[in-house]
Amino acid sequence: MSSVEPVRNQAAGLQHLNRRRPVRVVCVTSGKGGVGKTNITVNLAIALSQQNQSVMVLDADLGLANVDVILGLHPLYNLSHVIDQERTLEEVIVTGPNGIRIIPASSGIKRMAELTSDENAGIVNAFSELNDSLDIMLIDSAAGIADSVVTFSRAAHDVIVVVCDEPASITDAYALIKLMSQEYSVDRFHILANRVATAQEGRDLFAKLVKVSDRFLDVTLSFFGTIPEDAQLRKAVQAQRAVVDAFPGSRSAEAFHRLAAQMIGRWPMPRTASGYLQFFIERLINPAYSPEEKAE
């Protein structure tokens with residue numbers, strides 16, 4: 001293959017994306033681990049699908065992938081097989097509850113930062129050749145301020161930062177927001193309080209984050225909502241099921257449906273068919289990519 005062939009393939013893939021309808025890309029992240037980020041991503045995906053949205057979940061925690069574990073799924077293949085050209089993207093996608101589609105990752109795979117030009121073009125083409133209609137892509141990122149978190153957060157139309165009532169959670173969420181805003185010009189974040197006793201407790205957590213952010217950062221934080229502490233959610237996790245599926249009448253399931261309705265009804269739609277989705281794919285395959293480089 002000539003040196004220009006991967007570039008041609010990449011351009012063709014991105015042009016194909018430009019012809020598509022808008023797809024909302026949402027990154028779910030957190031400053032620290034253990035706050036329930038993956039569980040939120042999965043339940044939100046199913047709640048959205050139950051409200052007639054076509055949803056895909058990308059497990060982007062490449063070091064500790066566990067979307068499939070939470071749902072009790074056992075995929076034969078994952079994104080590493082696409083990178084190795086052993087399977088197409090269509091072949092690694094698995095179907096979860098209520099028809100959500102999941103792109104599983106593999107724990108311990110770090111090749112995203114080491115892809116060749118041919119592999120880069122292959123990943124672009126893999127995404128561009130997906131035939132299924134899609135309304136929303138949810139990205140379950142890693143926690144913290146690792147490079148992959150920055151990559152996927154920058155790529156998304158919307159970033160949801162999950163916090164809980166722990167000092168380290170608030171401190172680390174602030175650190176993530178500070179990094180994203182000061183170093184990468186991401187200045188809008190949706191704050192979701194998880195495992196709170198009351199809605200007011202969630203608003204108080206949000207107020208703490210706003211107080212310090214308003215003082216030191218030039219960002220806009222919006223209060224997305226709360227997920228209550230719920231014994232039925234814990235039972236669902238132990239059963240490897242989503243609470244919106246296992247216990248649809250539970251307090252936490254109702255909260256997920258409210259959040260899904262808010263995303264559908266109140267969040268503005270992406271302006272273009274590719275929008276940041278094109279940027280997402282560029283960043284996925286090329287961590288060194290930047291908008292400034294593209295402009296040149």
# chains A, B, ... in the order shown; residues from 1 in each chain; ligands from 1
call {"tool": "residues_around", "arguments": {"residues": "Ala168 (chain A)", "least_positions_apart": "3", "cutoff": "8 Å", "atoms": "only C-alpha atoms", "output": "ChimeraX atom specification"}}
result
/A:32,171-172
call {"tool": "residues_around", "arguments": {"residues": "Asp187 (chain A)", "least_positions_apart": "6", "cutoff": "10 Å", "atoms": "only C-alpha atoms", "output": "number ranges by chain"}}
result
A: 159, 177-178, 180-181, 217-221
call {"tool": "closest_residue", "arguments": {"among": "A:Pro228, A:Gly34, A:Pro268, A:Pro97", "to": "Thr198 (chain A)", "atoms": "only C-alpha atoms"}}
result
A:Pro228
call {"tool": "atom_distance", "arguments": {"atom1": "CA of Val67 (chain A)", "atom2": "CA of Asn39 (chain A)"}}
result
7.9 Å
call {"tool": "closest_residue", "arguments": {"among": "A:Leu209, A:Val196, A:Ala239, A:Leu89", "to": "Arg101 (chain A)", "atoms": "only C-alpha atoms"}}
result
A:Leu89
call {"tool": "closest_residue", "arguments": {"among": "A:Phe189, A:Phe223, A:Phe206, A:Phe256", "to": "Asp158 (chain A)", "atoms": "only C-alpha atoms"}}
result
A:Phe189
call {"tool": "atom_distance", "arguments": {"atom1": "CA of Ala207 (chain A)", "atom2": "CA of Ile160 (chain A)"}}
result
16.1 Å
call {"tool": "select_by_dssp", "arguments": {"residues": "region 73-268 of chain A", "states": "alpha helix (DSSP H)", "output": "JSON, numbers by chain"}}
result
{"A": [79, 80, 81, 82, 83, 89, 90, 91, 92, 117, 118, 119, 120, 121, 122, 123, 124, 125, 126, 127, 128, 147, 148, 149, 150, 151, 152, 153, 154, 155, 167, 168, 169, 170, 171, 172, 173, 174, 175, 176, 177, 178, 179, 180, 181, 182, 183, 184, 199, 200, 201, 202, 203, 204, 205, 206, 207, 208, 209, 210, 211, 212, 213, 214, 215, 216, 231, 232, 233, 234, 235, 236, 237, 238, 243, 244, 245, 246, 251, 252, 253, 254, 255, 256, 257, 258, 259, 260, 261, 262, 263, 264, 265, 266]}
call {"tool": "residues_around", "arguments": {"residues": "Ala260 (chain A)", "least_positions_apart": "2", "cutoff": "8 Å", "atoms": "only C-alpha atoms", "output": "list in words"}}
result
Leu44, Ala47, Leu48, Gln51, Phe256, His257, Arg258, Gln262, Met263 and Ile264 of chain A
call {"tool": "write_last_selection", "arguments": {"atoms": "C-alpha atoms", "output": "mmCIF file, in the first residue's frame"}}
result
data_model
loop_
_atom_site.group_PDB
_atom_site.id
_atom_site.type_symbol
_atom_site.label_atom_id
_atom_site.label_comp_id
_atom_site.auth_asym_id
_atom_site.auth_seq_id
_atom_site.Cartn_x
_atom_site.Cartn_y
_atom_site.Cartn_z
ATOM 1 C CA LEU A 44 -28.512 6.109 31.019
ATOM 2 C CA ALA A 47 -33.144 4.693 29.675
ATOM 3 C CA LEU A 48 -32.466 6.646 26.480
ATOM 4 C CA GLN A 51 -37.371 6.613 25.146
ATOM 5 C CA PHE A 256 -32.252 7.755 35.113
ATOM 6 C CA HIS A 257 -35.414 8.232 33.071
ATOM 7 C CA ARG A 258 -35.643 11.864 34.171
ATOM 8 C CA GLN A 262 -33.681 15.995 29.987
ATOM 9 C CA MET A 263 -30.980 15.071 27.486
ATOM 10 C CA ILE A 264 -33.530 14.494 24.743
#
call {"tool": "residues_around", "arguments": {"residues": "Cys27 (chain A)", "least_positions_apart": "6", "cutoff": "7 Å", "atoms": "only C-alpha atoms", "output": "ChimeraX atom specification"}}
result
/A:138-141,152-153,156,158-160
call {"tool": "residues_around", "arguments": {"residues": "Tyr77 (chain A)", "least_positions_apart": "3", "cutoff": "12 Å", "atoms": "only C-alpha atoms", "output": "compact mmCIF listing (two decimals) with N, CA and C atoms, in the first residue's frame"}}
result
# COMPACT_ATOMS: atom_id res chain seq x y z
N ASP A 68 -19.15 -4.51 29.71
CA ASP A 68 -19.71 -5.84 29.47
C ASP A 68 -19.90 -6.61 30.77
N LEU A 73 -22.41 -9.57 30.09
CA LEU A 73 -22.18 -9.98 28.70
C LEU A 73 -20.81 -10.63 28.57
N HIS A 74 -20.65 -11.45 27.55
CA HIS A 74 -19.39 -12.15 27.34
C HIS A 74 -18.99 -12.04 25.87
N SER A 80 -9.71 -4.19 20.34
CA SER A 80 -8.35 -4.58 20.00
C SER A 80 -8.32 -5.48 18.76
N HIS A 81 -9.37 -6.28 18.56
CA HIS A 81 -9.42 -7.14 17.38
C HIS A 81 -9.65 -6.31 16.11
N VAL A 82 -10.32 -5.17 16.25
CA VAL A 82 -10.47 -4.27 15.10
C VAL A 82 -9.12 -3.65 14.76
N ILE A 83 -8.41 -3.20 15.79
CA ILE A 83 -7.10 -2.60 15.57
C ILE A 83 -6.14 -3.61 14.91
N ASP A 84 -6.24 -4.86 15.33
CA ASP A 84 -5.38 -5.90 14.75
C ASP A 84 -5.90 -6.43 13.41
N GLN A 85 -7.03 -5.84 12.94
CA GLN A 85 -7.64 -6.22 11.67
C GLN A 85 -8.09 -7.68 11.65
N GLU A 86 -8.41 -8.20 12.82
CA GLU A 86 -8.93 -9.55 12.91
C GLU A 86 -10.45 -9.58 12.77
N ARG A 87 -11.10 -8.48 13.12
CA ARG A 87 -12.55 -8.37 13.02
C ARG A 87 -12.93 -6.96 12.60
N THR A 88 -14.10 -6.81 11.97
CA THR A 88 -14.61 -5.49 11.65
C THR A 88 -15.30 -4.92 12.88
N LEU A 89 -15.55 -3.63 12.86
CA LEU A 89 -16.23 -3.01 13.98
C LEU A 89 -17.63 -3.60 14.15
N GLU A 90 -18.31 -3.86 13.04
CA GLU A 90 -19.63 -4.47 13.09
C GLU A 90 -19.58 -5.81 13.83
N GLU A 91 -18.50 -6.54 13.65
CA GLU A 91 -18.39 -7.88 14.23
C GLU A 91 -18.11 -7.85 15.73
N VAL A 92 -17.54 -6.75 16.24
CA VAL A 92 -17.25 -6.71 17.68
C VAL A 92 -18.38 -6.09 18.48
N ILE A 93 -19.29 -5.40 17.81
CA ILE A 93 -20.41 -4.77 18.52
C ILE A 93 -21.33 -5.86 19.07
N VAL A 94 -21.69 -5.71 20.33
CA VAL A 94 -22.63 -6.63 20.96
C VAL A 94 -23.89 -5.87 21.33
N ILE A 102 -23.03 -1.98 22.01
CA ILE A 102 -21.86 -1.76 22.85
C ILE A 102 -20.61 -2.13 22.08
N ILE A 103 -19.63 -1.23 22.10
CA ILE A 103 -18.31 -1.53 21.55
C ILE A 103 -17.41 -1.84 22.75
N PRO A 104 -17.14 -3.12 23.00
CA PRO A 104 -16.36 -3.48 24.18
C PRO A 104 -14.87 -3.23 23.98
N ALA A 105 -14.20 -2.93 25.08
CA ALA A 105 -12.75 -2.80 25.06
C ALA A 105 -12.16 -3.96 25.85
N SER A 106 -10.85 -4.02 25.90
CA SER A 106 -10.19 -5.12 26.60
C SER A 106 -9.25 -4.56 27.65
call {"tool": "select_by_dssp", "arguments": {"residues": "region 51-233 of chain A", "states": "strand (DSSP E)", "output": "PyMOL selection string"}}
result
chain A and resi 55-59+94-95+101-103+136-140+158-163+188-196+220-228
call {"tool": "residues_around", "arguments": {"residues": "Gly36 (chain A)", "least_positions_apart": "6", "cutoff": "10 Å", "atoms": "only C-alpha atoms", "output": "list of chain:residue names"}}
result
A:Thr29, A:Ser30, A:Val162, A:Val163, A:Cys164, A:Asn194, A:Arg195
